[in-house]
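Trainee: This is run18.pdb (PDB, C-alpha atoms and all ligand atoms).
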```pdb
MODEL        1
ATOM      1  CA  MET K   1     -70.820  36.165 -25.919
ATOM      2  CA  ILE K   2     -70.601  32.443 -25.485
ATOM      3  CA  PRO K   3     -73.943  30.684 -26.134
ATOM      4  CA  GLU K   4     -75.564  30.095 -22.793
ATOM      5  CA  ASP K   5     -76.631  26.523 -23.453
ATOM      6  CA  LEU K   6     -72.985  25.583 -24.060
ATOM      7  CA  PHE K   7     -72.735  25.684 -20.288
ATOM      8  CA  SER K   8     -76.143  24.298 -19.377
ATOM      9  CA  ARG K   9     -76.338  22.026 -16.394
ATOM     10  CA  HIS K  10     -74.458  18.773 -16.806
ATOM     11  CA  PRO K  11     -76.752  15.794 -16.159
ATOM     12  CA  ALA K  12     -74.112  14.097 -14.039
ATOM     13  CA  ALA K  13     -74.017  17.082 -11.710
ATOM     14  CA  SER K  14     -77.612  16.692 -10.618
ATOM     15  CA  ALA K  15     -77.503  12.923 -10.393
ATOM     16  CA  SER K  16     -75.124  13.056  -7.387
ATOM     17  CA  PRO K  17     -74.661   9.317  -7.044
ATOM     18  CA  SER K  18     -73.362   8.320  -3.663
ATOM     19  CA  GLY K  19     -69.581   8.566  -3.600
ATOM     20  CA  SER K  20     -69.443  10.386  -6.935
ATOM     21  CA  ILE K  21     -66.746  12.992  -7.205
ATOM     22  CA  LEU K  22     -69.468  15.291  -8.559
ATOM     23  CA  SER K  23     -71.589  15.111  -5.419
ATOM     24  CA  GLY K  24     -71.474  17.944  -2.901
ATOM     25  CA  ASP K  25     -70.910  21.578  -3.755
ATOM     26  CA  GLU K  26     -67.582  21.273  -5.531
ATOM     27  CA  VAL K  27     -68.803  20.917  -9.060
ATOM     28  CA  LEU K  28     -67.429  23.010 -11.895
ATOM     29  CA  PRO K  29     -69.417  26.239 -11.660
ATOM     30  CA  PHE K  30     -70.730  26.314 -15.204
ATOM     31  CA  PHE K  31     -72.239  22.872 -14.807
ATOM     32  CA  ARG K  32     -74.100  24.196 -11.756
ATOM     33  CA  GLN K  33     -75.769  26.945 -13.774
ATOM     34  CA  SER K  34     -79.500  26.461 -13.913
ATOM     35  CA  GLY K  35     -80.744  29.798 -15.203
ATOM     36  CA  PRO K  36     -78.743  33.006 -15.077
ATOM     37  CA  ALA K  37     -76.485  33.849 -18.013
ATOM     38  CA  VAL K  38     -72.781  33.145 -17.733
ATOM     39  CA  VAL K  39     -70.738  36.310 -17.211
ATOM     40  CA  PRO K  40     -67.256  35.733 -18.651
ATOM     41  CA  ILE K  41     -64.652  37.358 -16.425
ATOM     42  CA  ARG K  42     -61.093  37.934 -17.570
ATOM     43  CA  ARG K  43     -57.946  38.553 -15.526
ATOM     44  CA  ILE K  44     -56.452  41.669 -17.014
ATOM     45  CA  GLY K  45     -53.079  43.337 -16.918
ATOM     46  CA  ALA K  46     -51.300  46.581 -17.675
ATOM     47  CA  GLU K  47     -52.067  46.228 -21.392
ATOM     48  CA  HIS K  48     -55.604  47.330 -20.498
ATOM     49  CA  HIS K  49     -54.519  50.560 -18.806
ATOM     50  CA  GLY K  50     -56.557  52.605 -21.309
ATOM     51  CA  GLU K  51     -59.756  50.607 -20.828
ATOM     52  CA  LEU K  52     -59.346  50.719 -17.042
ATOM     53  CA  LEU K  53     -58.951  54.471 -17.128
ATOM     54  CA  ALA K  54     -62.021  54.850 -19.368
ATOM     55  CA  HIS K  55     -64.021  52.629 -16.990
ATOM     56  CA  PHE K  56     -63.226  54.638 -13.871
ATOM     57  CA  LEU K  57     -63.594  57.996 -15.622
ATOM     58  CA  ALA K  58     -67.102  56.921 -16.702
ATOM     59  CA  LEU K  59     -68.199  56.707 -13.050
ATOM     60  CA  ASP K  60     -70.090  59.786 -11.897
ATOM     61  CA  PRO K  61     -69.049  61.602  -8.690
ATOM     62  CA  GLY K  62     -71.536  59.609  -6.590
ATOM     63  CA  ASP K  63     -70.187  56.277  -7.822
ATOM     64  CA  ARG K  64     -66.605  57.463  -7.418
ATOM     65  CA  TYR K  65     -67.457  58.287  -3.811
ATOM     66  CA  LEU K  66     -68.878  54.811  -3.261
ATOM     67  CA  ARG K  67     -65.922  53.125  -4.961
ATOM     68  CA  PHE K  68     -62.992  55.160  -3.638
ATOM     69  CA  GLY K  69     -64.393  56.708  -0.474
ATOM     70  CA  CYS K  70     -64.089  60.181  -2.007
ATOM     71  CA  ALA K  71     -65.470  61.901  -5.107
ATOM     72  CA  ALA K  72     -62.135  61.426  -6.876
ATOM     73  CA  ASN K  73     -61.485  63.907  -9.668
ATOM     74  CA  ASP K  74     -60.109  62.848 -13.059
ATOM     75  CA  ALA K  75     -56.504  63.520 -12.031
ATOM     76  CA  GLN K  76     -56.916  61.310  -8.946
ATOM     77  CA  ILE K  77     -58.456  58.569 -11.072
ATOM     78  CA  ASN K  78     -55.495  58.814 -13.470
ATOM     79  CA  ALA K  79     -53.098  58.530 -10.530
ATOM     80  CA  TYR K  80     -55.016  55.543  -9.117
ATOM     81  CA  VAL K  81     -54.825  53.633 -12.415
ATOM     82  CA  ASP K  82     -51.130  54.531 -12.836
ATOM     83  CA  ARG K  83     -50.420  53.136  -9.366
ATOM     84  CA  ILE K  84     -52.128  49.777  -9.838
ATOM     85  CA  ASP K  85     -49.599  47.069  -9.038
ATOM     86  CA  PHE K  86     -50.330  44.603 -11.831
ATOM     87  CA  VAL K  87     -47.640  42.244 -10.555
ATOM     88  CA  HIS K  88     -48.960  41.666  -7.034
ATOM     89  CA  HIS K  89     -52.601  42.659  -7.401
ATOM     90  CA  GLU K  90     -55.340  41.015  -9.416
ATOM     91  CA  ILE K  91     -57.669  42.898 -11.730
ATOM     92  CA  PHE K  92     -60.735  41.150 -13.083
ATOM     93  CA  GLY K  93     -62.748  42.663 -15.902
ATOM     94  CA  VAL K  94     -65.976  42.123 -17.786
ATOM     95  CA  PHE K  95     -65.918  43.343 -21.398
ATOM     96  CA  ASN K  96     -68.897  44.166 -23.570
ATOM     97  CA  ARG K  97     -69.020  43.427 -27.302
ATOM     98  CA  ARG K  98     -67.193  46.672 -28.072
ATOM     99  CA  LEU K  99     -64.467  45.547 -25.662
ATOM    100  CA  GLU K 100     -65.276  48.326 -23.220
ATOM    101  CA  LEU K 101     -64.753  47.378 -19.591
ATOM    102  CA  ILE K 102     -68.218  47.441 -18.071
ATOM    103  CA  ALA K 103     -67.104  46.055 -14.722
ATOM    104  CA  VAL K 104     -63.826  45.886 -12.832
ATOM    105  CA  ALA K 105     -62.790  44.224  -9.595
ATOM    106  CA  HIS K 106     -59.490  44.958  -7.872
ATOM    107  CA  LEU K 107     -58.057  42.493  -5.386
ATOM    108  CA  ALA K 108     -55.172  43.869  -3.345
ATOM    109  CA  PRO K 109     -53.438  41.188  -1.266
ATOM    110  CA  SER K 110     -51.530  41.842   1.968
ATOM    111  CA  PRO K 111     -49.537  38.608   2.127
ATOM    112  CA  ALA K 112     -48.248  39.298   5.651
ATOM    113  CA  ASP K 113     -51.832  39.239   6.981
ATOM    114  CA  GLY K 114     -53.124  36.512   4.672
ATOM    115  CA  GLU K 115     -55.759  39.013   3.570
ATOM    116  CA  ALA K 116     -56.798  40.680   0.337
ATOM    117  CA  GLU K 117     -59.047  43.712  -0.059
ATOM    118  CA  PHE K 118     -61.774  43.646  -2.676
ATOM    119  CA  GLY K 119     -63.024  46.712  -4.564
ATOM    120  CA  VAL K 120     -65.509  46.672  -7.424
ATOM    121  CA  SER K 121     -67.350  48.898  -9.855
ATOM    122  CA  VAL K 122     -69.974  48.135 -12.487
ATOM    123  CA  LEU K 123     -71.077  50.778 -14.991
ATOM    124  CA  PRO K 124     -74.697  51.861 -14.391
ATOM    125  CA  SER K 125     -75.963  50.327 -17.652
ATOM    126  CA  ALA K 126     -74.779  46.879 -16.525
ATOM    127  CA  ARG K 127     -75.996  46.934 -12.926
ATOM    128  CA  ALA K 128     -78.477  44.691 -11.144
ATOM    129  CA  LYS K 129     -77.661  41.787 -13.493
ATOM    130  CA  GLY K 130     -75.505  39.855 -11.050
ATOM    131  CA  ILE K 131     -72.139  41.072 -12.385
ATOM    132  CA  GLY K 132     -70.984  42.577  -9.077
ATOM    133  CA  THR K 133     -71.855  39.327  -7.312
ATOM    134  CA  ARG K 134     -69.995  37.264  -9.929
ATOM    135  CA  LEU K 135     -66.900  39.425  -9.572
ATOM    136  CA  PHE K 136     -66.976  38.921  -5.819
ATOM    137  CA  GLN K 137     -67.251  35.155  -6.309
ATOM    138  CA  ARG K 138     -64.383  35.265  -8.832
ATOM    139  CA  ALA K 139     -62.184  37.185  -6.395
ATOM    140  CA  ALA K 140     -63.042  34.717  -3.602
ATOM    141  CA  MET K 141     -62.095  31.840  -5.922
ATOM    142  CA  PHE K 142     -58.752  33.492  -6.663
ATOM    143  CA  ALA K 143     -58.144  34.086  -2.955
ATOM    144  CA  ARG K 144     -58.940  30.472  -2.122
ATOM    145  CA  ASN K 145     -56.485  29.134  -4.696
ATOM    146  CA  HIS K 146     -53.656  31.561  -3.952
ATOM    147  CA  GLY K 147     -53.070  31.244  -0.232
ATOM    148  CA  ILE K 148     -55.273  34.130   0.878
ATOM    149  CA  GLN K 149     -57.304  33.247   3.944
ATOM    150  CA  THR K 150     -59.509  36.309   4.325
ATOM    151  CA  LEU K 151     -61.230  38.529   1.799
ATOM    152  CA  THR K 152     -62.022  42.008   3.096
ATOM    153  CA  MET K 153     -64.028  44.921   1.760
ATOM    154  CA  GLN K 154     -64.966  48.398   2.895
ATOM    155  CA  CYS K 155     -68.029  50.282   1.781
ATOM    156  CA  LEU K 156     -70.424  52.949   2.869
ATOM    157  CA  THR K 157     -73.300  51.554   4.921
ATOM    158  CA  GLN K 158     -75.713  53.288   2.532
ATOM    159  CA  ASN K 159     -74.344  51.158  -0.335
ATOM    160  CA  ALA K 160     -77.293  48.753  -0.489
ATOM    161  CA  ALA K 161     -76.008  46.697  -3.434
ATOM    162  CA  MET K 162     -72.559  46.152  -1.906
ATOM    163  CA  MET K 163     -74.091  45.326   1.475
ATOM    164  CA  ARG K 164     -76.248  42.679  -0.204
ATOM    165  CA  ILE K 165     -73.249  41.170  -1.997
ATOM    166  CA  ALA K 166     -71.363  41.003   1.312
ATOM    167  CA  ARG K 167     -74.249  39.500   3.263
ATOM    168  CA  HIS K 168     -75.111  36.943   0.574
ATOM    169  CA  ALA K 169     -71.462  35.862   0.516
ATOM    170  CA  GLY K 170     -71.598  35.248   4.266
ATOM    171  CA  MET K 171     -69.160  38.021   5.144
ATOM    172  CA  ARG K 172     -68.789  39.030   8.773
ATOM    173  CA  VAL K 173     -70.031  42.598   8.534
ATOM    174  CA  HIS K 174     -69.045  45.299  11.006
ATOM    175  CA  VAL K 175     -71.130  48.436  10.695
ATOM    176  CA  ALA K 176     -69.517  51.521  12.239
ATOM    177  CA  GLY K 177     -71.891  54.375  11.486
ATOM    178  CA  SER K 178     -71.643  55.409   7.858
ATOM    179  CA  GLU K 179     -68.853  52.925   7.126
ATOM    180  CA  THR K 180     -68.946  49.160   6.960
ATOM    181  CA  GLU K 181     -66.175  46.614   6.888
ATOM    182  CA  GLY K 182     -66.665  43.037   5.805
ATOM    183  CA  ALA K 183     -64.462  39.959   6.146
ATOM    184  CA  LEU K 184     -64.928  36.551   4.600
ATOM    185  CA  ARG K 185     -62.864  33.552   5.662
ATOM    186  CA  VAL K 186     -62.298  31.650   2.410
ATOM    187  CA  GLN K 187     -62.338  27.868   2.215
ATOM    188  CA  PRO K 188     -59.126  25.898   1.707
ATOM    189  CA  HIS K 189     -58.265  25.169  -1.902
ATOM    190  CA  THR K 190     -58.948  21.765  -3.452
ATOM    191  CA  LEU K 191     -58.351  20.106  -6.782
ATOM    192  CA  PHE K 192     -61.876  21.115  -7.778
ATOM    193  CA  SER K 193     -61.438  24.747  -6.776
ATOM    194  CA  HIS K 194     -58.409  24.875  -9.096
ATOM    195  CA  LEU K 195     -60.398  23.230 -11.892
ATOM    196  CA  ASP K 196     -63.167  25.790 -11.352
ATOM    197  CA  GLU K 197     -60.643  28.581 -11.731
ATOM    198  CA  TRP K 198     -59.127  27.006 -14.820
ATOM    199  CA  VAL K 199     -62.585  26.945 -16.441
ATOM    200  CA  GLU K 200     -63.211  30.558 -15.371
ATOM    201  CA  ASN K 201     -59.916  31.716 -16.896
ATOM    202  CA  ALA K 202     -60.468  29.793 -20.108
ATOM    203  CA  THR K 203     -64.003  31.154 -20.477
ATOM    204  CA  GLY K 204     -62.906  34.745 -19.897
ATOM    205  CA  GLN K 205     -60.062  34.395 -22.380
ATOM    206  CA  LEU K 206     -62.232  32.721 -25.032
ATOM    207  CA  ASP K 207     -64.932  35.374 -24.690
ATOM    208  CA  PHE K 208     -62.318  38.125 -25.114
ATOM    209  CA  VAL K 209     -60.719  36.515 -28.157
ATOM    210  CA  ILE K 210     -64.115  36.036 -29.828
ATOM    211  CA  LYS K 211     -65.063  39.672 -29.226
ATOM    212  CA  LEU K 212     -61.643  40.816 -30.472
ATOM    213  CA  GLY K 213     -62.116  38.746 -33.639
ATOM    214  CA  MET K 214     -65.606  40.189 -34.175
ATOM    215  CA  ARG K 215     -64.312  43.722 -33.751
ATOM    216  CA  ARG K 216     -61.434  43.149 -36.193
ATOM    217  CA  SER K 217     -63.721  41.574 -38.790
ATOM    218  CA  GLN K 218     -66.077  44.569 -38.537
ATOM    219  CA  ALA K 219     -63.155  46.960 -39.018
ATOM    220  CA  VAL K 220     -62.128  45.527 -42.428
TER     221      VAL K 220
HETATM  222  C1  LIG K 301     -71.975  47.866  -5.891
HETATM  223  C2  LIG K 301     -72.012  47.459  -7.358
HETATM  224  C3  LIG K 301     -70.629  46.953  -7.740
HETATM  225  C4  LIG K 301     -73.030  46.326  -7.525
HETATM  226  O1  LIG K 301     -72.929  45.829  -8.832
HETATM  227  P1  LIG K 301     -74.153  45.038  -9.522
HETATM  228  O2  LIG K 301     -73.619  44.369 -10.721
HETATM  229  O3  LIG K 301     -75.302  45.942  -9.709
HETATM  230  O4  LIG K 301     -74.487  43.957  -8.386
HETATM  231  P2  LIG K 301     -75.478  42.719  -8.526
HETATM  232  O5  LIG K 301     -76.286  42.834  -9.767
HETATM  233  O6  LIG K 301     -74.668  41.490  -8.332
HETATM  234  O7  LIG K 301     -76.457  42.943  -7.305
HETATM  235  C5  LIG K 301     -76.063  42.610  -5.974
HETATM  236  C6  LIG K 301     -77.271  42.700  -5.072
HETATM  237  O8  LIG K 301     -77.626  44.066  -4.867
HETATM  238  C7  LIG K 301     -78.943  44.301  -5.313
HETATM  239  N1  LIG K 301     -78.947  45.622  -5.913
HETATM  240  C8  LIG K 301     -78.413  45.998  -7.093
HETATM  241  N2  LIG K 301     -78.556  47.308  -7.240
HETATM  242  C9  LIG K 301     -79.200  47.761  -6.146
HETATM  243  C10 LIG K 301     -79.641  49.032  -5.715
HETATM  244  N3  LIG K 301     -79.446  50.123  -6.459
HETATM  245  N4  LIG K 301     -80.261  49.131  -4.514
HETATM  246  C11 LIG K 301     -80.459  48.050  -3.753
HETATM  247  N5  LIG K 301     -80.030  46.801  -4.100
HETATM  248  C12 LIG K 301     -79.434  46.684  -5.289
HETATM  249  C13 LIG K 301     -79.248  43.198  -6.295
HETATM  250  O9  LIG K 301     -80.623  42.938  -6.401
HETATM  251  C14 LIG K 301     -78.501  42.043  -5.654
HETATM  252  O10 LIG K 301     -79.230  41.546  -4.566
HETATM  253  P3  LIG K 301     -79.823  40.050  -4.603
HETATM  254  O11 LIG K 301     -78.613  39.166  -4.834
HETATM  255  O12 LIG K 301     -80.448  39.885  -3.278
HETATM  256  O13 LIG K 301     -80.773  40.032  -5.777
HETATM  257  C15 LIG K 301     -72.433  48.640  -8.294
HETATM  258  O14 LIG K 301     -73.652  49.146  -7.824
HETATM  259  C16 LIG K 301     -71.410  49.760  -8.362
HETATM  260  O15 LIG K 301     -70.487  49.706  -9.178
HETATM  261  N6  LIG K 301     -71.552  50.803  -7.515
HETATM  262  C17 LIG K 301     -70.599  51.921  -7.527
HETATM  263  C18 LIG K 301     -69.243  51.507  -6.942
HETATM  264  C19 LIG K 301     -69.402  50.812  -5.614
HETATM  265  O16 LIG K 301     -70.298  51.079  -4.834
HETATM  266  N7  LIG K 301     -68.455  49.875  -5.326
HETATM  267  C20 LIG K 301     -68.500  49.106  -4.095
HETATM  268  C21 LIG K 301     -67.536  49.613  -3.088
HETATM  269  S1  LIG K 301     -66.015  48.771  -3.199
ENDMDL
END
```
Would you mind writing the structure in this file as C-alpha cells?
Ligand SMILES: CC(C)(COP(=O)(O)OP(=O)(O)OC[C@H]1O[C@@H](n2cnc3c(N)ncnc32)[C@H](O)[C@@H]1OP(=O)(O)O)[C@@H](O)C(=O)NCCC(=O)NCCS
Mentor:
Amino acid sequence: MIPEDLFSRHPAASASPSGSILSGDEVLPFFRQSGPAVVPIRRIGAEHHGELLAHFLALDPGDRYLRFGCAANDAQINAYVDRIDFVHHEIFGVFNRRLELIAVAHLAPSPADGEAEFGVSVLPSARAKGIGTRLFQRAAMFARNHGIQTLTMQCLTQNAAMMRIARHAGMRVHVAGSETEGALRVQPHTLFSHLDEWVENATGQLDFVIKLGMRRSQAV
C-alpha cells in the first residue's frame, strides 16, 4: 500500500489563486484528497483470468444475484469470465496485499450508442470503505477520456449500496419495480481529465508492482 501522506493535499490546490490552472474542480484527484485513504485501482487484462474467477466464485448466491441478476452457479461464473472481452471492455481491479482481487468493475462499451454499462462487485470483507464508489469514479473517468458519453448501470432496487453510489454520482435513476436503471452523462474530456487518469494508472501499477515484490521476497 502506498503511504497515504504521499498523496496528501497539495498546498497549491487549496490556494486557488484567481486564474490558476489549479482552480476549479479539475485538480489531480490525489491532490484533492483530504482524508480518506487512497484506493489504488489497476486496469487488468486476461493475465488475471484466475484472480477474476476466484473473485466471482467467492461471492455468495445473494451477491451473485445482485451482481449478475441471477444466482449464477459456478459453471455460469466460469463461462462469464471466459467470455470477458478484454480487448473492447475494461476491467478495473483492487488487489489486497496477497494480490487477491477484492473488488472488480467491468465496463462494457457499446460504441454505436456512445454508452458503456458498469458492473461492480466488492468482496464482503472490503465493503463500506468507499471502494465501490471509487471504482464507479474510475469507470466514469475512463468513459470521459475514451469517447463514451453515457455510463449506465442496472441493479435491483433493493440494492441500497449501489443505489447510493448511483445517486451520489448524479445518475438519472429510473426505478421500475424491483429493477432500477441508471444513466450518467459524463463530462467532455480535458487535458486535466487525461492527467488524472495517467496518475490513476500509474498509482494502480505501482501499488501492484510493490505488492508483487513483497510477495516474491516473502516466498524466498
Ligand atoms: C454494491 C457494492 C459494489 C458496494 O461496494 P462498497 O465498496 O461497499 O461501496 P461503498 O463503500 O463505496 O459504499 C457506497 C455507499 O453505500 C453505502 N453502503 C455500503 N454498504 C451498504 C449497505 N449494506 N446498506 C446500505 N448502504 C450501504 C455506503 O455507506 C456508501 O454510502 P455513502 O457514500 O452515502 O456513505 C457491494 O455491496 C457489492 O459488491 N455488492 C454485491 C454485488 C452488487 O450488488 N453489485 C452491484 C450491481 S452491478
Trainee: Please check which residues have atoms at most 6 Å from (-56.7, 37.8, 5.0) in the file's coordinates, counting all atoms listed in the file, and write them as number ranges by chain.
Mentor: K: 113-116, 148-151
Trainee: Output C-alpha atoms for every residue in that selection, as a tab-separated table (two decimals), keeping the file's coordinate frame.
Mentor:
```
chain	number	residue	atom	x	y	z
K	113	ASP	CA	-51.83	39.24	6.98
K	114	GLY	CA	-53.12	36.51	4.67
K	115	GLU	CA	-55.76	39.01	3.57
K	116	ALA	CA	-56.80	40.68	0.34
K	148	ILE	CA	-55.27	34.13	0.88
K	149	GLN	CA	-57.30	33.25	3.94
K	150	THR	CA	-59.51	36.31	4.32
K	151	LEU	CA	-61.23	38.53	1.80
```
Trainee: Given all atoms listed in the file as the basis, pick out the residue of K:Arg127, K:Arg185, K:Arg98, K:Arg64 nearest to ligand LIG 301 (chain K).
Mentor: K:Arg127
Trainee: Set the distance at 6 Å and use all atoms listed in the file: which residues neighbour K:Ala105 once local chain neighbours fewer than 3 positions away are removed? I'd like the list as a ChimeraX atom specification.
Mentor: /K:91-92,119-120
Trainee: Just the number, please: distance in Å from atom CA of K:His55 to atom CA of K:Ser121, one decimal.
Mentor: 8.7 Å
Trainee: Would you mind reading off the distance between atom CA of K:Ala126 and atom O5 of ligand LIG 301 (chain K), one decimal, in Å?
Mentor: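 These two atoms are separated by 8.0 Å.
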